[in-house]
Structures are given as structure tokens and as C-alpha cells.
Amino acid sequence: MQIVVRLDVMLARRKMRSRELAERIGITEANLSLLKAGKVKGVRFETLAAICEALECQPGDLLEALPEGQRP
Amino acid sequence: MTFPRLAYLLSRLAYLSAAVLALGWMFLVAQPLLFPGLIAPEIPAEAAGMVVHPLAYAASRAVLVLVVAPAVCALIHAAQLMHGFARGEVLTETAARHVRRIGVAILVRAALMVPTQTAAVALLTITNPAGKRLLSVGVSSDLLEAVVYGGLLLLIAAAIQTGARAAAENAEFV
């Protein structure tokens, strides 16, 4: 299984820019960009909670488990 | 005083100490040949019934390089380590490497302490007639202390390396 980050989808739904979200949750835009691209090893619960609060969503709206090899 | 400032100052002091140690050794080697009357030996050689050749003096001091070189090496690595601390590089592979090398230098110095002293005394008296040559072997608690501290630094280096790996892994989490 692979975990795919659907942050860009939620950002589009909420019509929010990456920069604004980064400012609201207190991480750098570069780190948020890495998170969006799924190029991080993990997400802290603290960060996840902040994103959920800012985007008014659930963790399940941001993360999706896909079979290995399936394109996101 | 802040941690980075203290680390920076100690780093400068370590560089200065390394330079003083190296230059001091060079001076001690050159002194019997260039300025024989500048520093009198603690016990005048004539009083001990022997005449020490200036070259023997220089050679006996030159052999001290075996303990001076590891000390200079340790000081340079200490300076680089603290310079890194001043820049905020505390839990890094580089810091672990510097600490490990300081530990190795201290252990090498400890291992060479006894043979160096023996060689220094032997060289000092090598020009004496038979029966007036000395061979001294001495072991002190300094040697044991150096072994303990050197070994401790190797352990600390391993701990820093573990910390560095954890910090690197933590940096990959957002």
C-alpha cells in the first residue's frame, strides 16, 4: 500500500492558496510543497490537526491509501 | 554568554592552543642548536657528571612530536567541532566525526606517552660514555585517565551519531 496526499484537492475545494495555508498552520511553504508532493517521510499529528482545522476537513479527506504501483 | 558565542570563543582558543603547542615544540627543538644558553636545564648536565650534546638535546625534544602531534590534532578537531557548534551544527555526522577523532587522538597520545618519555631520556643521554646512559620507563595515572577520557569520547561520538540520525529522520517529518 502507498499513502497518497490529497492536499492539493482540498486546497482547490477550499479555494485556498498554499502560502496562506502554510502561514495559518505555521510551517514553511517549502515544507508544505513537499507534503503536497508526497515527498516527506511522515506527517506529525500536530501538523495534520492544524491542516484539518484550517481546511475544515478530516484526515481521511487529505490522505488516501492506494495499492502499491497504482498511480495516484 | 550565549552557547554559540561561547562555542566560537572556545574554538578560537583551541586554534590558538594548537598553534602555541606546535610552535612551542618547534622552539624547544631548535633552542639547543640555535640558542644553547637561553634556557638552562633543570639539573645542569655537568653536575650530573655527564655532558649533553646540543644535538642530543634537540633529538630528545624532537621525539616529543609523538605526543605533541596527537595533541595538536585533537585541538584542531576540537576547534572545528566548536566552530560547528557556533553555527548551530550540534547533532550532525560531522560533529560525531570530530569527537571520534579527538578520542582517537587522545588514545594515540596515551599509547605513545610511555615510549616517548623512554626515547626522550635515551636520546638525551645517548652521547654519554657507557654506564652513564639512561633508560627510563614510567607509567602514571595520567595514562589511565587519558585512556578513560579517550574511550569516553568514542562513546560520546557514537551517541552523537545516533542523535544525528534521529535528527535527520525527524527533519523528514513535517
# chains A, B, ... in the order shown; residues from 1 in each chain; ligands from 1
>>> interface_residues(of="chain A", to="chain B", cutoff="9 Å", atoms="only C-alpha atoms", output="tab-separated table (two decimals) with all heavy atoms, in the first residue's frame")
chain	number	residue	atom	x	y	z
A	27	ILE	N	3.96	26.31	9.10
A	27	ILE	CA	5.12	25.62	8.52
A	27	ILE	C	5.56	26.39	7.27
A	27	ILE	O	4.82	27.25	6.77
A	27	ILE	CB	4.83	24.13	8.17
A	27	ILE	CG1	3.83	23.98	7.02
A	27	ILE	CG2	4.38	23.36	9.39
A	27	ILE	CD1	3.70	22.55	6.49
A	31	ASN	N	8.07	23.27	2.93
A	31	ASN	CA	7.67	22.00	3.56
A	31	ASN	C	6.26	21.61	3.13
A	31	ASN	O	5.98	20.42	2.93
A	31	ASN	CB	7.76	22.13	5.09
A	31	ASN	CG	9.11	21.73	5.63
A	31	ASN	OD1	9.92	21.15	4.91
A	31	ASN	ND2	9.37	22.07	6.87
A	32	LEU	N	5.39	22.60	2.99
A	32	LEU	CA	4.02	22.31	2.55
A	32	LEU	C	4.04	21.77	1.12
A	32	LEU	O	3.29	20.84	0.79
A	32	LEU	CB	3.17	23.59	2.64
A	32	LEU	CG	1.68	23.35	2.40
A	32	LEU	CD1	1.06	22.53	3.52
A	32	LEU	CD2	0.93	24.67	2.27
A	34	LEU	N	6.50	20.10	-0.21
A	34	LEU	CA	6.99	18.71	-0.13
A	34	LEU	C	5.87	17.77	0.31
A	34	LEU	O	5.74	16.65	-0.19
A	34	LEU	CB	8.16	18.62	0.87
A	34	LEU	CG	9.50	19.22	0.42
A	34	LEU	CD1	10.49	19.23	1.57
A	34	LEU	CD2	10.08	18.42	-0.75
A	35	LEU	N	5.05	18.25	1.24
A	35	LEU	CA	3.93	17.44	1.74
A	35	LEU	C	2.92	17.19	0.61
A	35	LEU	O	2.45	16.06	0.44
A	35	LEU	CB	3.27	18.17	2.92
A	35	LEU	CG	2.06	17.49	3.56
A	35	LEU	CD1	2.42	16.11	4.09
A	35	LEU	CD2	1.50	18.33	4.71
A	39	LYS	N	6.50	13.98	-0.80
A	39	LYS	CA	7.94	13.70	-0.70
A	39	LYS	C	8.46	13.80	0.73
A	39	LYS	O	9.59	14.18	0.96
A	39	LYS	CB	8.71	14.68	-1.60
A	39	LYS	CG	8.52	14.39	-3.07
A	39	LYS	CD	9.28	15.35	-3.93
A	39	LYS	CE	9.08	15.02	-5.39
A	39	LYS	NZ	9.61	16.07	-6.27
A	40	VAL	N	7.60	13.50	1.69
A	40	VAL	CA	8.03	13.50	3.09
A	40	VAL	C	7.87	12.10	3.66
A	40	VAL	O	7.10	11.29	3.13
A	40	VAL	CB	7.22	14.51	3.95
A	40	VAL	CG1	7.52	15.94	3.54
A	40	VAL	CG2	5.74	14.21	3.88
A	41	LYS	N	8.64	11.84	4.72
A	41	LYS	CA	8.58	10.51	5.33
A	41	LYS	C	7.33	10.34	6.19
A	41	LYS	O	6.82	9.24	6.34
A	41	LYS	CB	9.82	10.30	6.19
A	41	LYS	CG	10.50	8.99	5.97
A	41	LYS	CD	11.78	8.93	6.75
A	41	LYS	CE	12.63	7.76	6.30
A	41	LYS	NZ	13.92	7.76	6.95
A	42	GLY	N	6.89	11.45	6.75
A	42	GLY	CA	5.72	11.38	7.63
A	42	GLY	C	5.15	12.74	7.93
A	42	GLY	O	5.77	13.76	7.65
A	43	VAL	N	3.95	12.72	8.51
A	43	VAL	CA	3.28	13.96	8.91
A	43	VAL	C	3.01	13.87	10.41
A	43	VAL	O	2.50	12.84	10.87
A	43	VAL	CB	1.93	14.14	8.17
A	43	VAL	CG1	1.35	15.53	8.43
A	43	VAL	CG2	2.07	13.91	6.69
A	44	ARG	N	3.37	14.91	11.13
A	44	ARG	CA	3.08	14.92	12.57
A	44	ARG	C	1.58	15.10	12.77
A	44	ARG	O	0.93	15.83	12.00
A	44	ARG	CB	3.84	16.06	13.26
A	44	ARG	CG	5.33	15.85	13.28
A	44	ARG	CD	6.01	16.86	14.21
A	44	ARG	NE	7.44	16.71	14.12
A	44	ARG	CZ	8.23	17.34	13.27
A	44	ARG	NH1	7.71	18.19	12.40
A	44	ARG	NH2	9.53	17.14	13.26
A	47	THR	N	0.66	18.71	12.83
A	47	THR	CA	0.53	19.36	11.51
A	47	THR	C	-0.79	18.97	10.86
A	47	THR	O	-1.51	19.81	10.31
A	47	THR	CB	1.71	18.94	10.60
A	47	THR	OG1	2.93	19.12	11.31
A	47	THR	CG2	1.75	19.75	9.33
>>> residues_around(residues="Leu7 of chain A", least_positions_apart="6", cutoff="9 Å", atoms="only C-alpha atoms", output="list in words")
Leu35, Lys36, Ala37, Ile51, Asp61, Leu62 and Leu63 of chain A
>>> select_by_dssp(residues="segment 99-162 of chain B", states="helix (DSSP H, G or I)", output="ChimeraX atom specification")
/B:99-124,141-162
>>> residues_around(residues="Ile25 of chain A", least_positions_apart="6", cutoff="10 Å", atoms="only C-alpha atoms", output="ChimeraX atom specification")
/A:32,46-54
>>> atom_distance(atom1="atom CA of Leu66 of chain B", atom2="atom CA of Met26 of chain B")
13.0 Å
>>> residues_around(residues="segment 84-96 of chain B", least_positions_apart="2", cutoff="6 Å", atoms="only C-alpha atoms", output="list in words")
Pro4, Ala7, Tyr8, Leu81, Met82, His98, Val99, Ala157, Ile160, Gln161, Gly163 and Ala164 of chain B
>>> write_last_selection(atoms="C-alpha atoms", output="JSON list (two decimals), in the first residue's frame")
[["chain", "number", "residue", "atom", "x", "y", "z"],
["B", 4, "PRO", "CA", 27.08, 29.94, 20.01],
["B", 7, "ALA", "CA", 31.50, 27.88, 21.29],
["B", 8, "TYR", "CA", 33.01, 30.43, 18.91],
["B", 81, "LEU", "CA", 33.78, 20.90, 16.43],
["B", 82, "MET", "CA", 33.13, 24.07, 18.44],
["B", 98, "HIS", "CA", 35.26, 15.37, 15.14],
["B", 99, "VAL", "CA", 34.53, 13.94, 18.62],
["B", 157, "ALA", "CA", 30.80, 10.24, 19.33],
["B", 160, "ILE", "CA", 26.06, 11.99, 18.77],
["B", 161, "GLN", "CA", 25.91, 9.82, 15.65],
["B", 163, "GLY", "CA", 21.32, 11.61, 17.72],
["B", 164, "ALA", "CA", 22.31, 12.88, 14.27]]
>>> atom_distance(atom1="atom CA of Val65 of chain B", atom2="atom CA of Val52 of chain B")
20.3 Å
>>> decode(residues="segment 17-31 of chain B", atoms="all heavy atoms", output="PDB file, in the first residue's frame")
ATOM      1  N   SER B  17      45.677  27.465  20.963  1.00  0.00           N
ATOM      2  CA  SER B  17      46.416  26.474  21.752  1.00  0.00           C
ATOM      3  C   SER B  17      47.179  25.524  20.838  1.00  0.00           C
ATOM      4  O   SER B  17      48.334  25.169  21.124  1.00  0.00           O
ATOM      5  CB  SER B  17      45.466  25.663  22.629  1.00  0.00           C
ATOM      6  OG  SER B  17      44.732  26.510  23.447  1.00  0.00           O
ATOM      7  N   ALA B  18      46.542  25.106  19.747  1.00  0.00           N
ATOM      8  CA  ALA B  18      47.208  24.193  18.805  1.00  0.00           C
ATOM      9  C   ALA B  18      48.439  24.868  18.207  1.00  0.00           C
ATOM     10  O   ALA B  18      49.506  24.249  18.098  1.00  0.00           O
ATOM     11  CB  ALA B  18      46.231  23.777  17.708  1.00  0.00           C
ATOM     12  N   ALA B  19      48.281  26.151  17.862  1.00  0.00           N
ATOM     13  CA  ALA B  19      49.410  26.893  17.264  1.00  0.00           C
ATOM     14  C   ALA B  19      50.541  27.052  18.282  1.00  0.00           C
ATOM     15  O   ALA B  19      51.719  26.844  17.955  1.00  0.00           O
ATOM     16  CB  ALA B  19      48.927  28.251  16.776  1.00  0.00           C
ATOM     17  N   VAL B  20      50.169  27.407  19.518  1.00  0.00           N
ATOM     18  CA  VAL B  20      51.182  27.597  20.575  1.00  0.00           C
ATOM     19  C   VAL B  20      51.920  26.283  20.835  1.00  0.00           C
ATOM     20  O   VAL B  20      53.146  26.254  20.961  1.00  0.00           O
ATOM     21  CB  VAL B  20      50.517  28.130  21.872  1.00  0.00           C
ATOM     22  CG1 VAL B  20      51.473  28.033  23.054  1.00  0.00           C
ATOM     23  CG2 VAL B  20      50.070  29.566  21.681  1.00  0.00           C
ATOM     24  N   LEU B  21      51.167  25.192  20.872  1.00  0.00           N
ATOM     25  CA  LEU B  21      51.768  23.873  21.130  1.00  0.00           C
ATOM     26  C   LEU B  21      52.755  23.493  20.018  1.00  0.00           C
ATOM     27  O   LEU B  21      53.881  23.058  20.289  1.00  0.00           O
ATOM     28  CB  LEU B  21      50.649  22.831  21.239  1.00  0.00           C
ATOM     29  CG  LEU B  21      50.941  21.542  21.982  1.00  0.00           C
ATOM     30  CD1 LEU B  21      51.413  21.817  23.397  1.00  0.00           C
ATOM     31  CD2 LEU B  21      49.709  20.659  22.009  1.00  0.00           C
ATOM     32  N   ALA B  22      52.329  23.695  18.774  1.00  0.00           N
ATOM     33  CA  ALA B  22      53.189  23.331  17.639  1.00  0.00           C
ATOM     34  C   ALA B  22      54.431  24.225  17.591  1.00  0.00           C
ATOM     35  O   ALA B  22      55.558  23.737  17.424  1.00  0.00           O
ATOM     36  CB  ALA B  22      52.394  23.440  16.342  1.00  0.00           C
ATOM     37  N   LEU B  23      54.208  25.528  17.765  1.00  0.00           N
ATOM     38  CA  LEU B  23      55.341  26.459  17.716  1.00  0.00           C
ATOM     39  C   LEU B  23      56.276  26.245  18.912  1.00  0.00           C
ATOM     40  O   LEU B  23      57.501  26.343  18.773  1.00  0.00           O
ATOM     41  CB  LEU B  23      54.845  27.908  17.679  1.00  0.00           C
ATOM     42  CG  LEU B  23      54.126  28.309  16.386  1.00  0.00           C
ATOM     43  CD1 LEU B  23      53.510  29.691  16.521  1.00  0.00           C
ATOM     44  CD2 LEU B  23      55.073  28.273  15.195  1.00  0.00           C
ATOM     45  N   GLY B  24      55.681  25.958  20.066  1.00  0.00           N
ATOM     46  CA  GLY B  24      56.486  25.706  21.267  1.00  0.00           C
ATOM     47  C   GLY B  24      57.384  24.496  21.081  1.00  0.00           C
ATOM     48  O   GLY B  24      58.563  24.527  21.446  1.00  0.00           O
ATOM     49  N   TRP B  25      56.807  23.447  20.462  1.00  0.00           N
ATOM     50  CA  TRP B  25      57.615  22.249  20.201  1.00  0.00           C
ATOM     51  C   TRP B  25      58.768  22.588  19.243  1.00  0.00           C
ATOM     52  O   TRP B  25      59.912  22.193  19.470  1.00  0.00           O
ATOM     53  CB  TRP B  25      56.728  21.143  19.625  1.00  0.00           C
ATOM     54  CG  TRP B  25      57.533  19.968  19.142  1.00  0.00           C
ATOM     55  CD1 TRP B  25      58.096  19.003  19.915  1.00  0.00           C
ATOM     56  CD2 TRP B  25      57.902  19.681  17.795  1.00  0.00           C
ATOM     57  NE1 TRP B  25      58.794  18.129  19.131  1.00  0.00           N
ATOM     58  CE2 TRP B  25      58.695  18.511  17.818  1.00  0.00           C
ATOM     59  CE3 TRP B  25      57.652  20.282  16.569  1.00  0.00           C
ATOM     60  CZ2 TRP B  25      59.225  17.941  16.670  1.00  0.00           C
ATOM     61  CZ3 TRP B  25      58.167  19.721  15.424  1.00  0.00           C
ATOM     62  CH2 TRP B  25      58.949  18.560  15.479  1.00  0.00           C
ATOM     63  N   MET B  26      58.457  23.342  18.193  1.00  0.00           N
ATOM     64  CA  MET B  26      59.499  23.721  17.220  1.00  0.00           C
ATOM     65  C   MET B  26      60.598  24.519  17.911  1.00  0.00           C
ATOM     66  O   MET B  26      61.791  24.303  17.674  1.00  0.00           O
ATOM     67  CB  MET B  26      58.889  24.559  16.088  1.00  0.00           C
ATOM     68  CG  MET B  26      58.126  23.754  15.075  1.00  0.00           C
ATOM     69  SD  MET B  26      57.517  24.843  13.788  1.00  0.00           S
ATOM     70  CE  MET B  26      55.945  24.139  13.470  1.00  0.00           C
ATOM     71  N   PHE B  27      60.184  25.441  18.779  1.00  0.00           N
ATOM     72  CA  PHE B  27      61.168  26.254  19.502  1.00  0.00           C
ATOM     73  C   PHE B  27      62.042  25.377  20.397  1.00  0.00           C
ATOM     74  O   PHE B  27      63.264  25.535  20.435  1.00  0.00           O
ATOM     75  CB  PHE B  27      60.464  27.329  20.339  1.00  0.00           C
ATOM     76  CG  PHE B  27      61.397  28.081  21.240  1.00  0.00           C
ATOM     77  CD1 PHE B  27      62.251  29.052  20.727  1.00  0.00           C
ATOM     78  CD2 PHE B  27      61.464  27.803  22.591  1.00  0.00           C
ATOM     79  CE1 PHE B  27      63.143  29.739  21.547  1.00  0.00           C
ATOM     80  CE2 PHE B  27      62.335  28.481  23.432  1.00  0.00           C
ATOM     81  CZ  PHE B  27      63.183  29.453  22.900  1.00  0.00           C
ATOM     82  N   LEU B  28      61.417  24.440  21.108  1.00  0.00           N
ATOM     83  CA  LEU B  28      62.168  23.570  22.028  1.00  0.00           C
ATOM     84  C   LEU B  28      63.187  22.717  21.277  1.00  0.00           C
ATOM     85  O   LEU B  28      64.270  22.439  21.791  1.00  0.00           O
ATOM     86  CB  LEU B  28      61.210  22.663  22.812  1.00  0.00           C
ATOM     87  CG  LEU B  28      60.487  23.320  23.981  1.00  0.00           C
ATOM     88  CD1 LEU B  28      59.521  22.345  24.624  1.00  0.00           C
ATOM     89  CD2 LEU B  28      61.472  23.836  25.023  1.00  0.00           C
ATOM     90  N   VAL B  29      62.820  22.310  20.060  1.00  0.00           N
ATOM     91  CA  VAL B  29      63.755  21.505  19.264  1.00  0.00           C
ATOM     92  C   VAL B  29      64.920  22.378  18.782  1.00  0.00           C
ATOM     93  O   VAL B  29      66.087  21.975  18.838  1.00  0.00           O
ATOM     94  CB  VAL B  29      63.027  20.843  18.067  1.00  0.00           C
ATOM     95  CG1 VAL B  29      64.017  20.158  17.132  1.00  0.00           C
ATOM     96  CG2 VAL B  29      62.004  19.832  18.568  1.00  0.00           C
ATOM     97  N   ALA B  30      64.578  23.578  18.347  1.00  0.00           N
ATOM     98  CA  ALA B  30      65.610  24.460  17.772  1.00  0.00           C
ATOM     99  C   ALA B  30      66.488  25.111  18.834  1.00  0.00           C
ATOM    100  O   ALA B  30      67.652  25.419  18.567  1.00  0.00           O
ATOM    101  CB  ALA B  30      64.925  25.536  16.927  1.00  0.00           C
ATOM    102  N   GLN B  31      65.926  25.313  20.024  1.00  0.00           N
ATOM    103  CA  GLN B  31      66.650  26.077  21.057  1.00  0.00           C
ATOM    104  C   GLN B  31      68.045  25.546  21.403  1.00  0.00           C
ATOM    105  O   GLN B  31      69.000  26.322  21.432  1.00  0.00           O
ATOM    106  CB  GLN B  31      65.757  26.183  22.308  1.00  0.00           C
ATOM    107  CG  GLN B  31      66.358  26.923  23.474  1.00  0.00           C
ATOM    108  CD  GLN B  31      67.014  25.989  24.458  1.00  0.00           C
ATOM    109  OE1 GLN B  31      66.502  24.925  24.750  1.00  0.00           O
ATOM    110  NE2 GLN B  31      68.176  26.390  24.974  1.00  0.00           N
TER     111      GLN B  31
END
